[in-house]
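K.L.:
First, the structure itself, so that you have it in front of you.
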4 protein chains.
Amino acid sequence: MSKIAAAAVATNVRETEIREFHLPEIGEDEGILKVEIVGVCGTDVDYYRKEQSPRILGHHIVGDIERIGEKAAKKWGLAPGDRVVMEEYIPCGQCKHCRTGVLRACEETDPRKNGIRYGATPLDIAPSLYGGFAQYVYLHPNAVLHKISKDVDLVEASFALPLSNGFEWMCIEGNVGPNQVVLIQGPGQQGLACALAAKYAGAEVIVTGRNTSMKRLELAKKLGVDHIINISEENLVERVKEITKGSMVDVVLDVTSGGAGPVTSSLDVANKGATIILGAYKYQKIAEWDIDEVIKKTLTIKGVRGHSYHSVEMAIECISSGKFPIKIMNSHNYPLAKTDAALKTAGGEGEPFPLLVTVSPWL
Amino acid sequence: MSKIAAAAVATNVRETEIREFHLPEIGEDEGILKVEIVGVCGTDVDYYRKEQSPRILGHHIVGDIERIGEKAAKKWGLAPGDRVVMEEYIPCGQCKHCRTGVLRACEETDPRKNGIRYGATPLDIAPSLYGGFAQYVYLHPNAVLHKISKDVDLVEASFALPLSNGFEWMCIEGNVGPNQVVLIQGPGQQGLACALAAKYAGAEVIVTGRNTSMKRLELAKKLGVDHIINISEENLVERVKEITKGSMVDVVLDVTSGGAGPVTSSLDVANKGATIILGAYKYQKIAEWDIDEVIKKTLTIKGVRGHSYHSVEMAIECISSGKFPIKIMNSHNYPLAKTDAALKTAGGEGEPFPLLVTVSPWL
Amino acid sequence: MSKIAAAAVATNVRETEIREFHLPEIGEDEGILKVEIVGVCGTDVDYYRKEQSPRILGHHIVGDIERIGEKAAKKWGLAPGDRVVMEEYIPCGQCKHCRTGVLRACEETDPRKNGIRYGATPLDIAPSLYGGFAQYVYLHPNAVLHKISKDVDLVEASFALPLSNGFEWMCIEGNVGPNQVVLIQGPGQQGLACALAAKYAGAEVIVTGRNTSMKRLELAKKLGVDHIINISEENLVERVKEITKGSMVDVVLDVTSGGAGPVTSSLDVANKGATIILGAYKYQKIAEWDIDEVIKKTLTIKGVRGHSYHSVEMAIECISSGKFPIKIMNSHNYPLAKTDAALKTAGGEGEPFPLLVTVSPWL
Amino acid sequence: MSKIAAAAVATNVRETEIREFHLPEIGEDEGILKVEIVGVCGTDVDYYRKEQSPRILGHHIVGDIERIGEKAAKKWGLAPGDRVVMEEYIPCGQCKHCRTGVLRACEETDPRKNGIRYGATPLDIAPSLYGGFAQYVYLHPNAVLHKISKDVDLVEASFALPLSNGFEWMCIEGNVGPNQVVLIQGPGQQGLACALAAKYAGAEVIVTGRNTSMKRLELAKKLGVDHIINISEENLVERVKEITKGSMVDVVLDVTSGGAGPVTSSLDVANKGATIILGAYKYQKIAEWDIDEVIKKTLTIKGVRGHSYHSVEMAIECISSGKFPIKIMNSHNYPLAKTDAALKTAGGEGEPFPLLVTVSPWL
């Protein structure tokens, strides 16, 4: 049995280095995961660029159970060798939020309140192995694991967490289903995940982007999206009117980075009674926000964050169905030694045209 | 049988005059209502102040069936002498909106699209008697009527439409119920209606106002509201923190007139996952709208307008239960000849301290 | 313009004869539809076998607007030549049920209460042309029409009403969506419609049948259903356990004709918290109904009937998407002159292996 | 500090004896509760009558924190001296059910699967103090506690769990609210709890019983229920028709003990679209169950069990509001030494007219 785990530690602003860690002894309600693949999230890039204490990043983790305590095996229903998708949250299981199934609101797993979670926990919290850019990850007694078949392609499995946000935001928050038109603003990893979730649930899906994201828009078409709009060249409202024969859009999502424009244009493409989902921080206030339009059209606006246990199950089921060629989103794959390059590429500062960037710790 | 109906016609900006109308002959699917009382709505005041073709205003109408065609009697389940609350809408019954139960979205009853509705239809549309400031009202084949017991106090019955908005916005849109704290900003007729609906559905209710609305806030307490906050004197956020022991508010409503301040402060008093209901046009854009806070707190914001058939039934049931002393809201009652004074008082330009202002056409 | 409509009149038990009717003059809120195709419903077969006054059966009607009054054109948003799917209901638009969007509960369109509806209205109610087994159908002012593109195959369009029941029962009543397993008992027209709706909404679908329905089960596979079970040969509970890896079924539907067995076996395949949808009358009481099992598994059981305006729109959108090869369900097509044969075949007394049986009135 | 806890141990069929236990040392995530009062539940009576290994019964527990570990204090937000209502469940916090907020489905707390819960755990599971008929209770790391003000009457606080079932079944499962009529069959502790929850949420409530339960029916009236029906003397359907003016009942609950009659009569009093809630095992199958009536009336039938975290919060808020004189339900109160008498009375084999029977361990 391997005793040493190599891991990429984020040591400083825009810096990672490979270090080795001894695998910890585990108790009866803990375990060790052998990481098979890990996807790079926008949050990883944010941490990578920030001054902070050293830690192992990476939380879109897929791996196989390496060791597992007896009680852990029972409570998780897992055995050595089983493949799992991990959630990033390590919820306490006993607070008001956990008791009502909103694990992501648990303060014990909120880094802003000194909580711990995968991909965001300092090395000095034992046993350090809390990040996916590593050969092994420590399975905390409160880890949230979802079994997935080994028949599923590893790259596609690594898309489970972004896709679970997609199901959470589209299906659970947005009630997306048959006979609805959904417009996704922002064709990145998260936008495409939402597009797939909406397609899976029976909706007609439009994805918008700019000249700079034409490759992503074309990929969206290959994934099965119904319409794409390049708003650098086309008039958004006119195109939506044309596509929907004037009935406009039932659900609008904003997951663009950058300015407040898409939030405002959401009001223009929404039909009476539509829902607008806000999934991306703007880091600025919106000037000239037309509340009266919200009333006139009786709109619903929802701020959304993260996923639930149920939406991760939805994502795994969708991936396992093989309905979408998710694999074609994998723009770049790196070995562990090149985690630094992976983070730079995912952040737009490395190789061109990143989308789903992954790290394989055993390459 | 009376052949002549006296009515207050809004002839010009801030002007009404009493005129007489012959009652029309009615067909088998129409009727005539003898108006017993009519409440003054903010919309009536808006019309009263606008340049427009002459019409009879007033649409919070309670009255008794005077004449009714055979088919109308059957379809409405009504007979001469029955007392009813009328909705203002005259929906076509056949469009997509009517077919799905959203009568208020029907274009045939939208004045902005030349549709007709009670209290907003020009005299030149036959038979002219489309307003409640009159002794009789014409019952159009598409009128929406709700039977109410004659045991119910007339003033309280005249509150059915504002209260139905209350049930629509609080219970149907806001899912208000037991173990929720609701904060109502704006202690006018509509705010208090929402407060009563929320109380009826089991919520704890806070109403806010200013120095100028202290009489209304005190009335709110008499109506059964749990807490009042005078934001001219008290710090809103601190007081809410104190009342809720730090857990803040589940549902916030804005029905204030005037500026955008209450929309912004809604974000401050809302707890994680709260719903903010917007029920009053601001006629101005919001500067500095903090979308990131909407995401951080995973808030839902809903623009709302009007009522449904179901919420009017809820209001009538609530009024009939006698649970609240609604009658004490009736600040002023006028005879038909003083409709002009009623409109001025309701609009804040007549007698002081208006709240529920009513006109009794047979006084 | 044609002045005469040939129609198959159900004159007696198991008897129809072709008669000719003059097209009526139409008023401003009426119209005439040229019938292009009509599907045979189980209800048609029931009427065909009953003693009753003469009438034109057939209500799964697709046709083109032949004549339309000015007001009708406006309210329906239709012009001559437009193709439409008709609902069978002719709801009054003004009763409590219509006002809340539950058109199918309107008494004016309930044949058991002397209401009228398409395919079930006696000849002596003018202008007689209320059935789809005819070249023309009278469009009543209260008819409920849904526009459909002429690009859609006519056979597939004729499946809109059964499919709308599918969306109503699966998606609106059963909340079927991604990551759910649905089991359909009864592979007839209605069962397969439910299977397609559930697939469209993202569910995994199992259809069960017997040796006698193997052709239908094989067709179900071709339509895209995930699993079929022949309960004459296989153990239902064991197979479901195997397919679902022990987690059993989230939503069970019974649309079998015949005995109560499938209602009882629904309890066995349902998982904790599952929903059981009952869509087929049994014409007998259930002996030995295990209420305690309903409590132990916290099940929800729903009786369902018919469709809503919204579910018809869902069905049309699904058909128009071309996602499923619905056309392969069209087991038999007859000209108007052979309506009698169509009814016999649909009822299992004519040509073998009926499924979707259609009549084309102009052949 | 007290080192010894007296407790009533159920040692044999219909037998309890008082024994003394040393309080255990507690770890950092555990605690000790000083029991102030405990209500007797029907489940306690069932256990009392069964052959089983010795255990301390009683799970409607209210008490004050006696000792609490540091981590427990933080996770529960509690300090020594705080008063709490306990749930009977001891959920693992990490399984699929816990992760989605359905604590009561967790197998770790299911006695039928060798799980542990308060009031149903054998003495040989350390530290034995798992029952409320005792001076102290052990607070397991997974205990579910709800803070309640010491201003609340202890008897009323002891009603929190039955009342939480009421909120779960009426408000969460049954969507009970304003303008609905609810009929409760069975005026025992659970039926009255449901009646109060439904009243609190704004419904009109009818409670039915028999000659033998007239005292309970009269009490129901004093608690604020709108109507009572003695079905030994009155015709149920006729009375409901009269009370509801023919519109019948929206939600029907069965919590009667004994035969299947009330389940069947539920179908007769339900209106179109009604919900029937089944909350009491019948220990027999229903003969002659009319499934066709379920379809014809498009009914929803739900089997229900237990409460959620949220419904306990609703119950505590309702009790704290002081809206209902819950205290008048307290038919009998016993000291710990008379726990045996308490169990006999609650089971109908002791003093007459039991309703809410309580034990005060320090009397």
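Following the order of the structure tokens, chains are lettered A, B, ..., residues in each are numbered from 1, and ligands are numbered from 1.
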Could you write out, as a PyMOL selection string, all the residues of range 248-343 of chain C that DSSP marks as helix (DSSP H, G or I)?

P.N.:
chain C and resi 261-269+291-296+309-321+326-329+336-343

K.L.:
Contacts of Asn333 in chain C at 6 Å or less, counting only C-alpha atoms, minus same-chain residues fewer than 2 places along, as a ChimeraX atom specification?

P.N.:
/C:357-359

K.L.:
Show me which bits of chain A are within 6 Å of chain B, counting only C-alpha atoms, as an mmCIF file with C-alpha atoms, in the first residue's frame.

P.N.:
```
data_model
loop_
_atom_site.group_PDB
_atom_site.id
_atom_site.type_symbol
_atom_site.label_atom_id
_atom_site.label_comp_id
_atom_site.auth_asym_id
_atom_site.auth_seq_id
_atom_site.Cartn_x
_atom_site.Cartn_y
_atom_site.Cartn_z
ATOM 1 C CA TYR A 281 -21.089 37.669 -8.411
ATOM 2 C CA LYS A 285 -23.483 47.360 -7.776
ATOM 3 C CA ILE A 286 -25.991 47.627 -10.582
ATOM 4 C CA ALA A 287 -26.724 51.218 -11.554
ATOM 5 C CA GLU A 288 -30.183 52.017 -12.921
ATOM 6 C CA TRP A 289 -31.953 48.839 -11.861
ATOM 7 C CA ASP A 290 -35.535 48.935 -13.136
ATOM 8 C CA ASP A 292 -40.833 48.729 -11.960
ATOM 9 C CA VAL A 294 -39.874 43.507 -12.324
ATOM 10 C CA ILE A 295 -43.378 44.382 -11.110
ATOM 11 C CA THR A 298 -44.300 39.958 -12.447
ATOM 12 C CA LEU A 299 -40.796 38.507 -12.591
ATOM 13 C CA THR A 300 -39.084 36.288 -10.043
ATOM 14 C CA ILE A 301 -35.355 36.879 -9.446
ATOM 15 C CA LYS A 302 -33.316 34.326 -7.549
ATOM 16 C CA GLY A 303 -29.772 34.432 -6.273
ATOM 17 C CA VAL A 304 -28.288 30.920 -6.280
#
```

K.L.:
Identify, on the basis of only C-alpha atoms, every residue whose closest approach to Val155 in chain C does not exceed 9 Å; exclude the query and any residue fewer than 6 positions from it along the same chain; express the result as JSON, numbers by chain.

P.N.:
{"C": [37, 38, 39, 326, 327, 330, 356, 358]}

K.L.:
Excluding same-chain residues fewer than 3 positions from range 203-206 of chain A, what lies within 8 Å of it counting only C-alpha atoms, as an mmCIF file with N, CA, C and O atoms, in the first residue's frame?

P.N.:
```cif
data_model
loop_
_atom_site.group_PDB
_atom_site.id
_atom_site.type_symbol
_atom_site.label_atom_id
_atom_site.label_comp_id
_atom_site.auth_asym_id
_atom_site.auth_seq_id
_atom_site.Cartn_x
_atom_site.Cartn_y
_atom_site.Cartn_z
ATOM 1 N N VAL A 176 -37.258 24.338 -14.261
ATOM 2 C CA VAL A 176 -37.177 24.178 -15.713
ATOM 3 C C VAL A 176 -37.709 22.805 -16.114
ATOM 4 O O VAL A 176 -37.439 21.804 -15.453
ATOM 5 N N GLY A 177 -38.486 22.764 -17.182
ATOM 6 C CA GLY A 177 -39.034 21.509 -17.684
ATOM 7 C C GLY A 177 -39.547 21.657 -19.101
ATOM 8 O O GLY A 177 -39.271 22.659 -19.771
ATOM 9 N N PRO A 178 -40.289 20.654 -19.577
ATOM 10 C CA PRO A 178 -40.805 20.679 -20.948
ATOM 11 C C PRO A 178 -41.601 21.949 -21.259
ATOM 12 O O PRO A 178 -42.278 22.485 -20.378
ATOM 13 N N ASN A 179 -41.511 22.371 -22.510
ATOM 14 C CA ASN A 179 -42.261 23.532 -23.008
ATOM 15 C C ASN A 179 -41.797 24.855 -22.410
ATOM 16 O O ASN A 179 -42.555 25.805 -22.345
ATOM 17 N N GLN A 180 -40.533 24.888 -21.948
ATOM 18 C CA GLN A 180 -39.979 26.152 -21.481
ATOM 19 C C GLN A 180 -38.763 26.507 -22.314
ATOM 20 O O GLN A 180 -38.036 25.629 -22.775
ATOM 21 N N VAL A 181 -38.558 27.799 -22.491
ATOM 22 C CA VAL A 181 -37.362 28.282 -23.176
ATOM 23 C C VAL A 181 -36.441 28.906 -22.138
ATOM 24 O O VAL A 181 -36.863 29.753 -21.358
ATOM 25 N N VAL A 182 -35.196 28.442 -22.153
ATOM 26 C CA VAL A 182 -34.204 28.908 -21.190
ATOM 27 C C VAL A 182 -33.097 29.636 -21.939
ATOM 28 O O VAL A 182 -32.635 29.155 -22.977
ATOM 29 N N LEU A 183 -32.687 30.779 -21.437
ATOM 30 C CA LEU A 183 -31.568 31.498 -22.035
ATOM 31 C C LEU A 183 -30.421 31.568 -21.042
ATOM 32 O O LEU A 183 -30.582 32.035 -19.918
ATOM 33 N N ILE A 184 -29.265 31.066 -21.472
ATOM 34 C CA ILE A 184 -28.068 31.018 -20.634
ATOM 35 C C ILE A 184 -27.102 32.091 -21.104
ATOM 36 O O ILE A 184 -26.639 32.035 -22.242
ATOM 37 N N ALA A 195 -26.898 24.581 -19.191
ATOM 38 C CA ALA A 195 -27.543 24.277 -20.473
ATOM 39 C C ALA A 195 -27.854 22.790 -20.572
ATOM 40 O O ALA A 195 -28.951 22.393 -20.994
ATOM 41 N N ALA A 198 -30.762 21.837 -18.259
ATOM 42 C CA ALA A 198 -32.048 22.295 -18.807
ATOM 43 C C ALA A 198 -32.477 21.424 -19.981
ATOM 44 O O ALA A 198 -33.655 21.068 -20.110
ATOM 45 N N LYS A 199 -31.533 21.063 -20.848
ATOM 46 C CA LYS A 199 -31.863 20.159 -21.967
ATOM 47 C C LYS A 199 -32.338 18.824 -21.416
ATOM 48 O O LYS A 199 -33.320 18.248 -21.894
ATOM 49 N N TYR A 200 -31.640 18.308 -20.426
ATOM 50 C CA TYR A 200 -31.981 16.989 -19.869
ATOM 51 C C TYR A 200 -33.406 16.986 -19.313
ATOM 52 O O TYR A 200 -34.109 15.986 -19.368
ATOM 53 N N VAL A 225 -27.296 21.965 -27.467
ATOM 54 C CA VAL A 225 -28.053 23.196 -27.225
ATOM 55 C C VAL A 225 -28.808 23.572 -28.503
ATOM 56 O O VAL A 225 -28.338 23.315 -29.601
ATOM 57 N N ASP A 226 -29.998 24.167 -28.367
ATOM 58 C CA ASP A 226 -30.835 24.423 -29.539
ATOM 59 C C ASP A 226 -30.398 25.631 -30.350
ATOM 60 O O ASP A 226 -30.437 25.606 -31.570
ATOM 61 N N HIS A 227 -30.014 26.731 -29.661
ATOM 62 C CA HIS A 227 -29.666 27.961 -30.367
ATOM 63 C C HIS A 227 -28.506 28.644 -29.669
ATOM 64 O O HIS A 227 -28.380 28.573 -28.456
ATOM 65 N N ILE A 228 -27.660 29.307 -30.461
ATOM 66 C CA ILE A 228 -26.612 30.147 -29.870
ATOM 67 C C ILE A 228 -26.759 31.556 -30.429
ATOM 68 O O ILE A 228 -27.229 31.742 -31.557
ATOM 69 N N ILE A 229 -26.403 32.529 -29.614
ATOM 70 C CA ILE A 229 -26.438 33.924 -30.064
ATOM 71 C C ILE A 229 -25.109 34.575 -29.710
ATOM 72 O O ILE A 229 -24.673 34.542 -28.558
#
```

K.L.:
How many Å lie between CA of Leu103 in chain D and CA of Gly101 in chain A, rounded to one decimal?

P.N.:
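Separating CA of Leu103 in chain D from CA of Gly101 in chain A is a distance of 9.2 Å.
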
K.L.:
For CA of Asp250 in chain B and CA of Lys323 in chain D, determine how far apart the two atoms are, in Å to one decimal place.

P.N.:
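Atom-to-atom, CA of Asp250 in chain B to CA of Lys323 in chain D, that is 21.1 Å.
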
K.L.:
Hey, which of A:Asn230, A:Asn114, A:Ser158, A:Gln135 ends up closest to Ile319 in chain A? Count only C-alpha atoms.

P.N.:
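Of all the options, A:Ser158 lies closest to Ile319 in chain A.
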
K.L.:
Might you pull out every residue within 12 Å of Leu236 in chain D, with only C-alpha atoms counted and same-chain residues fewer than 6 positions away left off, and present them as a list in words?

P.N.:
Leu183, Ile184, Gln185, Ile206, Val207, Thr208, Gly209, Arg210, Ile228, Ile229, Asn230, Glu242, Ile243, Met248, Val249, Gly261, Pro262, Ser265, Ser266, Leu267, Asp268, Val269 and Ala270 of chain D

K.L.:
Filtering to N, CA, C and O atoms, could you give me those residues as a JSON list (two decimals), in the first residue's frame?

P.N.:
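Output (result04.json):
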```json
[["chain", "number", "residue", "atom", "x", "y", "z"],
["D", 183, "LEU", "N", -61.26, 18.34, 7.86],
["D", 183, "LEU", "CA", -62.02, 17.46, 8.75],
["D", 183, "LEU", "C", -61.09, 16.46, 9.40],
["D", 183, "LEU", "O", -60.35, 15.74, 8.71],
["D", 184, "ILE", "N", -61.11, 16.45, 10.74],
["D", 184, "ILE", "CA", -60.24, 15.58, 11.52],
["D", 184, "ILE", "C", -61.07, 14.45, 12.09],
["D", 184, "ILE", "O", -62.00, 14.71, 12.87],
["D", 185, "GLN", "N", -60.75, 13.23, 11.74],
["D", 185, "GLN", "CA", -61.45, 12.08, 12.31],
["D", 185, "GLN", "C", -60.57, 11.48, 13.41],
["D", 185, "GLN", "O", -59.50, 10.95, 13.11],
["D", 206, "ILE", "N", -63.19, 21.04, 11.34],
["D", 206, "ILE", "CA", -64.25, 20.19, 11.89],
["D", 206, "ILE", "C", -63.57, 18.99, 12.54],
["D", 206, "ILE", "O", -62.68, 18.39, 11.94],
["D", 207, "VAL", "N", -63.99, 18.62, 13.75],
["D", 207, "VAL", "CA", -63.46, 17.41, 14.39],
["D", 207, "VAL", "C", -64.63, 16.45, 14.63],
["D", 207, "VAL", "O", -65.69, 16.87, 15.09],
["D", 208, "THR", "N", -64.42, 15.19, 14.29],
["D", 208, "THR", "CA", -65.47, 14.20, 14.52],
["D", 208, "THR", "C", -65.06, 13.22, 15.62],
["D", 208, "THR", "O", -63.87, 12.97, 15.84],
["D", 209, "GLY", "N", -66.06, 12.67, 16.30],
["D", 209, "GLY", "CA", -65.83, 11.64, 17.32],
["D", 209, "GLY", "C", -67.12, 10.87, 17.54],
["D", 209, "GLY", "O", -68.06, 10.99, 16.76],
["D", 210, "ARG", "N", -67.12, 10.12, 18.62],
["D", 210, "ARG", "CA", -68.29, 9.29, 18.94],
["D", 210, "ARG", "C", -68.83, 9.66, 20.32],
["D", 210, "ARG", "O", -68.24, 10.47, 21.02],
["D", 228, "ILE", "N", -67.85, 20.51, 15.65],
["D", 228, "ILE", "CA", -67.64, 19.12, 16.04],
["D", 228, "ILE", "C", -68.83, 18.30, 15.56],
["D", 228, "ILE", "O", -69.94, 18.82, 15.43],
["D", 229, "ILE", "N", -68.58, 17.06, 15.24],
["D", 229, "ILE", "CA", -69.65, 16.15, 14.81],
["D", 229, "ILE", "C", -69.53, 14.87, 15.62],
["D", 229, "ILE", "O", -68.47, 14.24, 15.64],
["D", 230, "ASN", "N", -70.61, 14.50, 16.27],
["D", 230, "ASN", "CA", -70.68, 13.22, 16.98],
["D", 230, "ASN", "C", -71.30, 12.20, 16.03],
["D", 230, "ASN", "O", -72.51, 12.19, 15.84],
["D", 242, "GLU", "N", -73.95, 20.44, 5.28],
["D", 242, "GLU", "CA", -74.59, 21.62, 5.89],
["D", 242, "GLU", "C", -73.54, 22.67, 6.29],
["D", 242, "GLU", "O", -73.66, 23.85, 5.95],
["D", 243, "ILE", "N", -72.51, 22.21, 6.97],
["D", 243, "ILE", "CA", -71.47, 23.13, 7.46],
["D", 243, "ILE", "C", -70.77, 23.84, 6.30],
["D", 243, "ILE", "O", -70.50, 25.03, 6.35],
["D", 248, "MET", "N", -68.26, 20.71, 0.64],
["D", 248, "MET", "CA", -67.51, 19.59, 1.23],
["D", 248, "MET", "C", -66.08, 19.98, 1.64],
["D", 248, "MET", "O", -65.76, 21.16, 1.70],
["D", 249, "VAL", "N", -65.25, 18.97, 1.88],
["D", 249, "VAL", "CA", -64.02, 19.20, 2.63],
["D", 249, "VAL", "C", -62.77, 19.14, 1.74],
["D", 249, "VAL", "O", -62.69, 18.32, 0.83],
["D", 261, "GLY", "N", -63.45, 2.01, 8.85],
["D", 261, "GLY", "CA", -64.59, 2.84, 8.48],
["D", 261, "GLY", "C", -64.23, 4.28, 8.13],
["D", 261, "GLY", "O", -64.62, 4.77, 7.06],
["D", 262, "PRO", "N", -63.46, 4.97, 8.95],
["D", 262, "PRO", "CA", -63.16, 6.37, 8.67],
["D", 262, "PRO", "C", -62.37, 6.56, 7.37],
["D", 262, "PRO", "O", -62.47, 7.60, 6.73],
["D", 265, "SER", "N", -65.10, 6.51, 4.79],
["D", 265, "SER", "CA", -65.98, 7.68, 4.80],
["D", 265, "SER", "C", -65.24, 8.94, 4.36],
["D", 265, "SER", "O", -65.87, 9.92, 3.96],
["D", 266, "SER", "N", -63.90, 8.91, 4.41],
["D", 266, "SER", "CA", -63.13, 10.05, 3.90],
["D", 266, "SER", "C", -63.49, 10.35, 2.45],
["D", 266, "SER", "O", -63.56, 11.51, 2.04],
["D", 267, "LEU", "N", -63.70, 9.29, 1.67],
["D", 267, "LEU", "CA", -64.04, 9.48, 0.26],
["D", 267, "LEU", "C", -65.37, 10.22, 0.11],
["D", 267, "LEU", "O", -65.57, 10.96, -0.85],
["D", 268, "ASP", "N", -66.29, 10.00, 1.07],
["D", 268, "ASP", "CA", -67.62, 10.59, 0.94],
["D", 268, "ASP", "C", -67.65, 12.08, 1.26],
["D", 268, "ASP", "O", -68.47, 12.81, 0.72],
["D", 269, "VAL", "N", -66.79, 12.52, 2.17],
["D", 269, "VAL", "CA", -66.84, 13.93, 2.57],
["D", 269, "VAL", "C", -65.85, 14.80, 1.78],
["D", 269, "VAL", "O", -65.89, 16.02, 1.86],
["D", 270, "ALA", "N", -64.98, 14.17, 1.01],
["D", 270, "ALA", "CA", -63.96, 14.90, 0.25],
["D", 270, "ALA", "C", -64.58, 15.60, -0.95],
["D", 270, "ALA", "O", -65.43, 15.02, -1.64]]
```

K.L.:
Do a neighbour search on Ser311 in chain A at 10 Å with only C-alpha atoms, toss out local chain neighbours closer than 2 positions, and write the hits as a VMD selection string.

P.N.:
(chain A and resid 160 to 161 163 to 169 171 to 172 306 to 309 313 to 317) or (chain C and resid 178 to 179)

K.L.:
Run DSSP on the backbone and tell me which residues of range 80-285 of chain B come out as strand (DSSP E or B); list them as number ranges by chain.

P.N.:
B: 83-86, 89, 117, 122, 134, 136-139, 145-147, 181-185, 204-209, 227-230, 249-254, 270-278
